[in-house]
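For reference, the structure is listed below as structure tokens.
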Amino acid sequence: MELTTRTVGEFLEHWAETTPDREYLVYSDRNLRFTYKQFNERVDNLAKGLLAIGVKKGEHVGIWATNVPDWLTFLYASAKIGAVLVTVNTNYKQSELEYLVENADIHTLCITEGVFDGSYIDMTYTMLPELKESQRGHLKSKRFPRMRNVVFIGPEKYRGMFNTPELLLLGQNISDEKLEEAKKGFDCFDVVNMQYTSGTTGFPKGVMLTHHNIVNNGFFTGEGMAFTSEDKLCCCVPLFHCFGVVLATMNCLTHGCTQVMVERFDPLTVLASVHKERCTALYGVPTMFIAELNHPMFDMFDFTSLRTGIMAGSLCPIELMRKVTDKLHITHITSVYGLTESSPGMTHTVLNDPFEERCTTVGKEYPFTEVAVIDPETGEMCPPGVQGEMCTRGYLVMKGYYNNPQATAEVIDKDGWLHSGDLGIKDENGYYRITGRIKDMIIRGGENIYPREIEEFLFQLKEIKDVQVAAVPSKKYGEEVGAFIILHEGKTLTEEVIKDFCRGKIARHKIPKYVFFVDTFPMTGSGKIQKFKLKDLGLKLLTEKGINPE
């Protein structure tokens, strides 16, 4: 095995030529199917359309959409002409959209109608009032001088916006020679994708990822699960995040297999798609697998085709991994650990890892990747068994944060190590365990408490569907342990039962001082739980009960 220098577009063309009739993209719920050849032709036509409206090498094309069928068409079309696809979180509201469009220097913004609680069209007109008076392609915005075009992804017409059929039509005026010329104007070390970090601290930053970053990370992800062109991967995680666009899409692209898409996560659509398409792999964050396993129609479907998949995005409870193996027949469920800045995979449990290691660790480093546990205080490498900050070095490290050299220098040190902000331990066998975020650590009266340890312990209670542990402010100790618990439907537990279960089994200072029973957790658009919001939620719930944190 070696690192590839193929670009995203070159990989698509490779499969369109060698396996033209193999299905690449499938939306099972509407029976929409593209072979590699058909999809590549659509991509080339759309690439010409982008050239026709002035998108050139290095221009930033924003995409604000759920996993609609043409999301990937825009990704590949931008990639083929050397443009950069900037993904916009589907949960963004007005101020977040405007911040990203300005910060990322968006040239062309591609949107859908929006999600149930927000119209992307209305927010775009609010941001660009000139759009309703502008001829398409001639937008002149005072606030966003770099913005030239807005494209509606679909056939509907909106004032000042192009739509997809019009782009495809405009593309007919661009010669094949001009497209070929554009394809030759860049290489694999150029930026192809920009994703904004969720910004739990400070403002979100644009992570610049190259063809080389994401193609290789996707390839080695698939290799770790023994992917071949015969595999069919069900992808229900959002494409605007690395989980969807790299671990899923780049994995399928580099192995020439089939990507079965779900437009917006719905457990029933996922179960039905796996059943109908005989999918061999399934991805998701823990909350998605929980929703699938607990769906009332779960038993109606056949999952025996499944063999592997990835559970990632947040720390994966051991009990849930076991259920996924037993009930979904994913005998080789794996987990990937990493972050957007590392393209994203740093470590991966692979097929031949023992089951126990796949349940309790995040595996070993990717090929051609260095991973180290570094003492945050001294900068020294930690020996096995000693906790420190997870850091990585190699092809997978981002090109940097867009227009932000200072922030880049804060996370990539002078020796090329990318600092994750996560705490971890390497064991004597070379497996890594993530023990929490440096910022998530609870410090109670000088004692360091790691939420993951308490979460794993509480998961032994069968009534608990999901649990998150976070700090609750305390006058006496600085912080106390708060457990936020979602129960299985019809099940009951009390605060006292939970505390009794802990007594004598975990250290006294780790026993939750506060137990909150909740229906949901605050989430990012990519399915990550926002732990920093749990602290505020805990204070709110205590106030509602008339309790003053001690």
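All residue names refer to the structure tokens as shown: chains lettered A, B, ... in order, residues numbered from 1 in each chain, ligands numbered from 1 in order.
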
(request) From stretch 293-490 of chain A, collect each residue whose DSSP state is strand (DSSP E or B) and return the set as a ChimeraX atom specification. (result) /A:308-311,332-334,336-338,345-348,364-365,369-374,381,388-394,400-401,412,418-426,432-437,442-444,447-449,464-474,478-487

(message) With only C-alpha atoms as the counted atoms, please give the residues lying no more than 9 Å from stretch 399-413 of chain A, apart from itself and same-chain residues fewer than 5 positions off, as number ranges by chain.
(response) A: 103-104, 189-191, 194, 205-210, 213, 341, 418-421

(message) Using only C-alpha atoms for the distances, tell me which of A:Ile425, A:Ile464, A:Val260, A:Cys502 is nearest to A:Pro69.
(response)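 Among A:Ile425, A:Ile464, A:Val260, A:Cys502, it is A:Val260 that comes nearest to A:Pro69.
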
(request) Measuring atom to atom with only C-alpha atoms, identify which of A:His107, A:Lys533, A:Lys414, A:Lys499 is nearest to A:Val150. (result)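 Of A:His107, A:Lys533, A:Lys414, A:Lys499, the one nearest A:Val150 is A:His107, counting only C-alpha atoms.
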
(message) If DSSP is run on the backbone, what residues of stretch 177-330 of chain A are helix (DSSP H, G or I)? A reply as number ranges by chain would be ideal.
(response) A: 177-183, 211-224, 242-255, 267-277, 286-293, 298-300, 318-327

(request) May I have the residues within 6 Å of stretch 221-227 of chain A as a ChimeraX atom specification, using only C-alpha atoms and disregarding those fewer than 4 positions away in the same chain? (result) /A:251,350-351

Write the residues you've just listed into a file as a compact mmCIF listing (two decimals), in the first residue's frame, and include C-alpha atoms for each of them.
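The resulting again34.txt:
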# COMPACT_ATOMS: atom_id res chain seq x y z
CA ASN A 251 -14.16 5.36 0.98
CA VAL A 350 -9.99 -2.67 11.96
CA LEU A 351 -11.56 -5.99 11.03

(message) From the options A:Leu458, A:Thr304, A:Pro384, A:Asp187, which residue's atoms come nearest to A:Asn429, counting only C-alpha atoms?
(response)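 Using only C-alpha atoms, A:Asn429 sits closest to A:Pro384.
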
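The coordinates place atom CA of A:Asn352 at 13.6 Å from atom CA of A:Gly309.
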
(message) Measuring between only C-alpha atoms, which one of A:His212, A:His348, A:Lys505, A:His14 shows the shortest distance to A:Asn40?
(response)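 The shortest atom-to-atom distance to A:Asn40 comes from A:His14.
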
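If you measure from each of A:Gly388, A:Gly538, A:Gly171, A:Gly338 to A:Lys364 using only C-alpha atoms, the closest one turns out to be A:Gly338.
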
Nearby residues (only C-alpha atoms) at most 10 Å from A:Phe301, same-chain spacing under 3 positions excluded, as a tab-separated table (two decimals) with all heavy atoms, in the first residue's frame:
chain	number	residue	atom	x	y	z
A	268	LEU	N	-36.32	4.64	10.12
A	268	LEU	CA	-37.09	3.71	9.29
A	268	LEU	C	-36.53	3.67	7.86
A	268	LEU	O	-36.40	2.59	7.27
A	268	LEU	CB	-38.57	4.10	9.27
A	268	LEU	CG	-39.51	3.12	8.56
A	268	LEU	CD1	-39.43	1.73	9.18
A	268	LEU	CD2	-40.94	3.64	8.58
A	271	LEU	N	-33.32	1.58	7.97
A	271	LEU	CA	-33.59	0.14	8.08
A	271	LEU	C	-34.10	-0.42	6.76
A	271	LEU	O	-33.67	-1.49	6.31
A	271	LEU	CB	-34.60	-0.12	9.20
A	271	LEU	CG	-34.17	0.31	10.63
A	271	LEU	CD1	-35.33	0.14	11.61
A	271	LEU	CD2	-32.96	-0.47	11.10
A	272	ALA	N	-35.01	0.32	6.12
A	272	ALA	CA	-35.60	-0.15	4.85
A	272	ALA	C	-34.55	-0.16	3.73
A	272	ALA	O	-34.54	-1.07	2.89
A	272	ALA	CB	-36.78	0.75	4.47
A	273	SER	N	-33.66	0.84	3.73
A	273	SER	CA	-32.62	0.92	2.69
A	273	SER	C	-31.64	-0.24	2.82
A	273	SER	O	-31.25	-0.85	1.81
A	273	SER	CB	-31.87	2.26	2.78
A	273	SER	OG	-32.74	3.33	2.52
A	274	VAL	N	-31.24	-0.53	4.04
A	274	VAL	CA	-30.31	-1.65	4.27
A	274	VAL	C	-30.95	-2.95	3.80
A	274	VAL	O	-30.33	-3.77	3.12
A	274	VAL	CB	-29.92	-1.75	5.77
A	274	VAL	CG1	-29.19	-3.05	6.06
A	274	VAL	CG2	-29.05	-0.55	6.17
A	275	HIS	N	-32.22	-3.13	4.14
A	275	HIS	CA	-32.98	-4.35	3.79
A	275	HIS	C	-33.12	-4.47	2.27
A	275	HIS	O	-32.79	-5.51	1.69
A	275	HIS	CB	-34.35	-4.28	4.46
A	275	HIS	CG	-35.31	-5.34	4.05
A	275	HIS	ND1	-35.50	-6.50	4.77
A	275	HIS	CD2	-36.14	-5.44	2.98
A	275	HIS	CE1	-36.41	-7.25	4.16
A	275	HIS	NE2	-36.81	-6.63	3.06
A	276	LYS	N	-33.58	-3.40	1.63
A	276	LYS	CA	-33.89	-3.46	0.19
A	276	LYS	C	-32.63	-3.59	-0.67
A	276	LYS	O	-32.60	-4.36	-1.63
A	276	LYS	CB	-34.66	-2.20	-0.21
A	276	LYS	CG	-35.07	-2.16	-1.68
A	276	LYS	CD	-35.80	-0.87	-2.01
A	276	LYS	CE	-36.00	-0.69	-3.50
A	276	LYS	NZ	-36.51	0.64	-3.85
A	297	MET	N	-40.53	-0.95	14.30
A	297	MET	CA	-40.63	-1.84	13.13
A	297	MET	C	-39.31	-2.57	12.86
A	297	MET	O	-39.16	-3.20	11.81
A	297	MET	CB	-41.05	-1.02	11.89
A	297	MET	CG	-42.45	-0.44	12.03
A	297	MET	SD	-42.86	0.73	10.71
A	297	MET	CE	-43.14	-0.38	9.34
A	298	PHE	N	-38.39	-2.49	13.78
A	298	PHE	CA	-37.06	-3.08	13.60
A	298	PHE	C	-37.13	-4.54	13.15
A	298	PHE	O	-36.41	-4.96	12.23
A	298	PHE	CB	-36.27	-2.98	14.92
A	298	PHE	CG	-34.88	-3.54	14.86
A	298	PHE	CD1	-33.82	-2.76	14.43
A	298	PHE	CD2	-34.63	-4.86	15.21
A	298	PHE	CE1	-32.53	-3.27	14.37
A	298	PHE	CE2	-33.35	-5.39	15.15
A	298	PHE	CZ	-32.30	-4.59	14.73
A	304	THR	N	-29.10	-9.35	7.65
A	304	THR	CA	-28.03	-10.35	7.57
A	304	THR	C	-26.98	-10.03	6.51
A	304	THR	O	-25.90	-10.61	6.50
A	304	THR	CB	-28.62	-11.76	7.29
A	304	THR	OG1	-29.47	-11.68	6.14
A	304	THR	CG2	-29.42	-12.27	8.48
A	328	LEU	N	-27.92	-6.09	14.72
A	328	LEU	CA	-27.83	-5.61	13.34
A	328	LEU	C	-26.90	-6.48	12.50
A	328	LEU	O	-26.67	-6.19	11.32
A	328	LEU	CB	-27.33	-4.15	13.32
A	328	LEU	CG	-28.38	-3.07	13.54
A	328	LEU	CD1	-27.73	-1.71	13.79
A	328	LEU	CD2	-29.34	-2.96	12.37

(message) Applying 8 Å and only C-alpha atoms, which residues near stretch 254-259 of chain A remain after dropping the ones on its own chain fewer than 5 positions away? List them as JSON, numbers by chain.
(response) {"A": [11, 15, 19, 22, 23, 24, 25, 26, 215, 218, 219, 222, 227, 228, 229, 230, 231, 232, 233, 234, 235, 248, 249]}

(message) Need the shell around A:Lys426: protein/DNA/RNA residues with any atom at most 10 Å away, counting only C-alpha atoms. Skip same-chain ones fewer than 3 positions apart. Format as a ChimeraX atom specification?
(response) /A:361,363-364,371-373,382-388,390,429-434

Hey, can you spit out that residue selection with all heavy atoms as a CSV table (one decimal), in the first residue's frame?
chain,number,residue,atom,x,y,z
A,361,THR,N,-11.6,0.4,22.6
A,361,THR,CA,-10.5,1.3,22.2
A,361,THR,C,-10.9,2.0,20.8
A,361,THR,O,-11.9,1.6,20.2
A,361,THR,CB,-9.2,0.6,22.0
A,361,THR,OG1,-9.2,-0.1,20.7
A,361,THR,CG2,-8.9,-0.4,23.1
A,363,GLY,N,-8.6,1.9,18.5
A,363,GLY,CA,-7.7,1.2,17.5
A,363,GLY,C,-6.3,1.8,17.5
A,363,GLY,O,-5.9,2.4,18.5
A,364,LYS,N,-5.7,1.6,16.4
A,364,LYS,CA,-4.3,2.1,16.2
A,364,LYS,C,-4.3,3.1,15.1
A,364,LYS,O,-5.3,3.3,14.4
A,364,LYS,CB,-3.4,0.9,15.8
A,364,LYS,CG,-3.3,-0.2,16.9
A,364,LYS,CD,-2.5,-1.4,16.5
A,364,LYS,CE,-2.4,-2.4,17.6
A,364,LYS,NZ,-1.6,-3.6,17.3
A,371,VAL,N,0.9,8.9,15.4
A,371,VAL,CA,0.0,9.4,16.5
A,371,VAL,C,0.9,9.3,17.8
A,371,VAL,O,1.6,8.4,18.0
A,371,VAL,CB,-1.3,8.5,16.6
A,371,VAL,CG1,-2.0,8.9,17.9
A,371,VAL,CG2,-2.1,8.7,15.4
A,372,ALA,N,0.7,10.3,18.6
A,372,ALA,CA,1.5,10.4,19.8
A,372,ALA,C,0.6,10.9,20.9
A,372,ALA,O,-0.3,11.8,20.7
A,372,ALA,CB,2.7,11.3,19.7
A,373,VAL,N,0.8,10.4,22.2
A,373,VAL,CA,0.2,11.0,23.3
A,373,VAL,C,1.2,11.9,24.0
A,373,VAL,O,2.3,11.5,24.4
A,373,VAL,CB,-0.3,9.9,24.3
A,373,VAL,CG1,-0.9,10.5,25.6
A,373,VAL,CG2,-1.2,8.9,23.6
A,382,CYS,N,4.2,10.8,26.2
A,382,CYS,CA,3.8,10.0,27.4
A,382,CYS,C,4.1,8.5,27.1
A,382,CYS,O,3.8,8.0,26.0
A,382,CYS,CB,2.3,10.2,27.7
A,382,CYS,SG,1.9,11.9,28.1
A,383,PRO,N,4.6,7.8,28.1
A,383,PRO,CA,4.8,6.3,28.0
A,383,PRO,C,3.4,5.6,28.0
A,383,PRO,O,2.4,6.2,28.4
A,383,PRO,CB,5.6,6.0,29.2
A,383,PRO,CG,5.3,7.0,30.2
A,383,PRO,CD,5.1,8.3,29.4
A,384,PRO,N,3.4,4.4,27.5
A,384,PRO,CA,2.1,3.6,27.6
A,384,PRO,C,1.4,3.7,29.0
A,384,PRO,O,2.1,3.6,30.0
A,384,PRO,CB,2.5,2.2,27.2
A,384,PRO,CG,3.7,2.4,26.4
A,384,PRO,CD,4.4,3.5,27.0
A,385,GLY,N,0.1,3.9,28.9
A,385,GLY,CA,-0.6,3.9,30.2
A,385,GLY,C,-0.7,5.3,30.9
A,385,GLY,O,-1.4,5.4,31.8
A,386,VAL,N,0.0,6.3,30.3
A,386,VAL,CA,0.0,7.6,30.9
A,386,VAL,C,-0.9,8.5,30.0
A,386,VAL,O,-0.6,8.6,28.8
A,386,VAL,CB,1.4,8.2,31.1
A,386,VAL,CG1,1.3,9.6,31.6
A,386,VAL,CG2,2.2,7.3,32.1
A,387,GLN,N,-1.8,9.2,30.6
A,387,GLN,CA,-2.7,10.1,29.8
A,387,GLN,C,-2.0,11.4,29.4
A,387,GLN,O,-1.2,12.0,30.1
A,387,GLN,CB,-3.9,10.4,30.7
A,387,GLN,CG,-4.9,11.3,30.1
A,387,GLN,CD,-6.1,11.5,30.9
A,387,GLN,OE1,-7.1,10.8,30.8
A,387,GLN,NE2,-6.0,12.5,31.9
A,388,GLY,N,-2.4,11.8,28.2
A,388,GLY,CA,-1.9,13.0,27.6
A,388,GLY,C,-2.8,13.5,26.5
A,388,GLY,O,-3.9,12.9,26.2
A,390,MET,N,-3.9,13.7,22.6
A,390,MET,CA,-3.8,13.0,21.3
A,390,MET,C,-3.3,14.0,20.2
A,390,MET,O,-3.9,15.0,20.0
A,390,MET,CB,-5.1,12.4,21.0
A,390,MET,CG,-5.6,11.3,21.9
A,390,MET,SD,-4.7,9.8,21.7
A,390,MET,CE,-5.3,9.2,20.1
A,429,ASN,N,-0.2,-2.6,24.0
A,429,ASN,CA,-0.3,-3.3,22.8
A,429,ASN,C,-0.5,-2.3,21.6
A,429,ASN,O,-0.8,-2.7,20.4
A,429,ASN,CB,-1.6,-4.2,22.8
A,429,ASN,CG,-1.4,-5.3,23.8
A,429,ASN,OD1,-0.3,-5.9,23.9
A,429,ASN,ND2,-2.4,-5.6,24.6
A,430,GLY,N,-0.4,-1.0,21.9
A,430,GLY,CA,-0.5,0.0,20.8
A,430,GLY,C,-1.9,0.5,20.5
A,430,GLY,O,-2.0,1.3,19.5
A,431,TYR,N,-2.9,0.1,21.3
A,431,TYR,CA,-4.2,0.6,21.1
A,431,TYR,C,-4.4,1.9,21.9
A,431,TYR,O,-3.9,2.1,23.0
A,431,TYR,CB,-5.3,-0.4,21.5
A,431,TYR,CG,-5.4,-1.6,20.6
A,431,TYR,CD1,-4.6,-2.8,20.9
A,431,TYR,CD2,-6.2,-1.6,19.5
A,431,TYR,CE1,-4.7,-3.9,20.1
A,431,TYR,CE2,-6.2,-2.7,18.7
A,431,TYR,CZ,-5.5,-3.9,19.0
A,431,TYR,OH,-5.6,-5.0,18.2
A,432,TYR,N,-5.2,2.8,21.3
A,432,TYR,CA,-5.5,4.1,21.9
A,432,TYR,C,-6.9,4.1,22.6
A,432,TYR,O,-7.9,3.5,22.0
A,432,TYR,CB,-5.4,5.2,20.9
A,432,TYR,CG,-4.0,5.5,20.4
A,432,TYR,CD1,-3.5,4.8,19.3
A,432,TYR,CD2,-3.1,6.3,21.1
A,432,TYR,CE1,-2.2,5.0,18.9
A,432,TYR,CE2,-1.8,6.5,20.7
A,432,TYR,CZ,-1.4,5.9,19.5
A,432,TYR,OH,-0.1,6.1,19.1
A,433,ARG,N,-7.0,4.7,23.7
A,433,ARG,CA,-8.3,4.9,24.4
A,433,ARG,C,-8.5,6.4,24.5
A,433,ARG,O,-7.5,7.1,25.0
A,433,ARG,CB,-8.4,4.2,25.7
A,433,ARG,CG,-8.5,2.8,25.6
A,433,ARG,CD,-8.4,2.1,27.0
A,433,ARG,NE,-8.8,0.7,26.9
A,433,ARG,CZ,-8.0,-0.3,26.5
A,433,ARG,NH1,-6.7,0.0,26.1
A,433,ARG,NH2,-8.4,-1.5,26.4
A,434,ILE,N,-9.6,6.9,24.2
A,434,ILE,CA,-9.9,8.4,24.4
A,434,ILE,C,-10.6,8.5,25.8
A,434,ILE,O,-11.6,7.9,26.1
A,434,ILE,CB,-10.8,8.9,23.3
A,434,ILE,CG1,-10.2,8.6,21.9
A,434,ILE,CG2,-11.1,10.4,23.5
A,434,ILE,CD1,-8.8,9.1,21.7

(request) Please provide as a PyMOL selection string all residues within 12 Å of A:Met441, with the sequence filter that same-chain residues fewer than 6 positions apart are discarded (counting only C-alpha atoms). (result) chain A and resi 421-423+435+447-454+469-472+479-481+510+531-532

(request) Could you check how far atom CA of A:Phe220 sits from atom CA of A:Phe265, in Å to one decimal? (result)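 Atom CA of A:Phe265 lies at a distance of 25.7 Å from atom CA of A:Phe220.
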
(request) Pick out the closest residue to A:Leu12 from this set: A:Thr90, A:Thr73, A:Asn67, A:Asn216. Count only C-alpha atoms. (result)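 So, comparing all the options, the nearest one is A:Thr73.
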
(message) Report, in Å to a single decimal, how far apart atom CA of A:Gly118 and atom CA of A:Phe289 are.
(response)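 Going from atom CA of A:Phe289 over to atom CA of A:Gly118, I get 26.4 Å.
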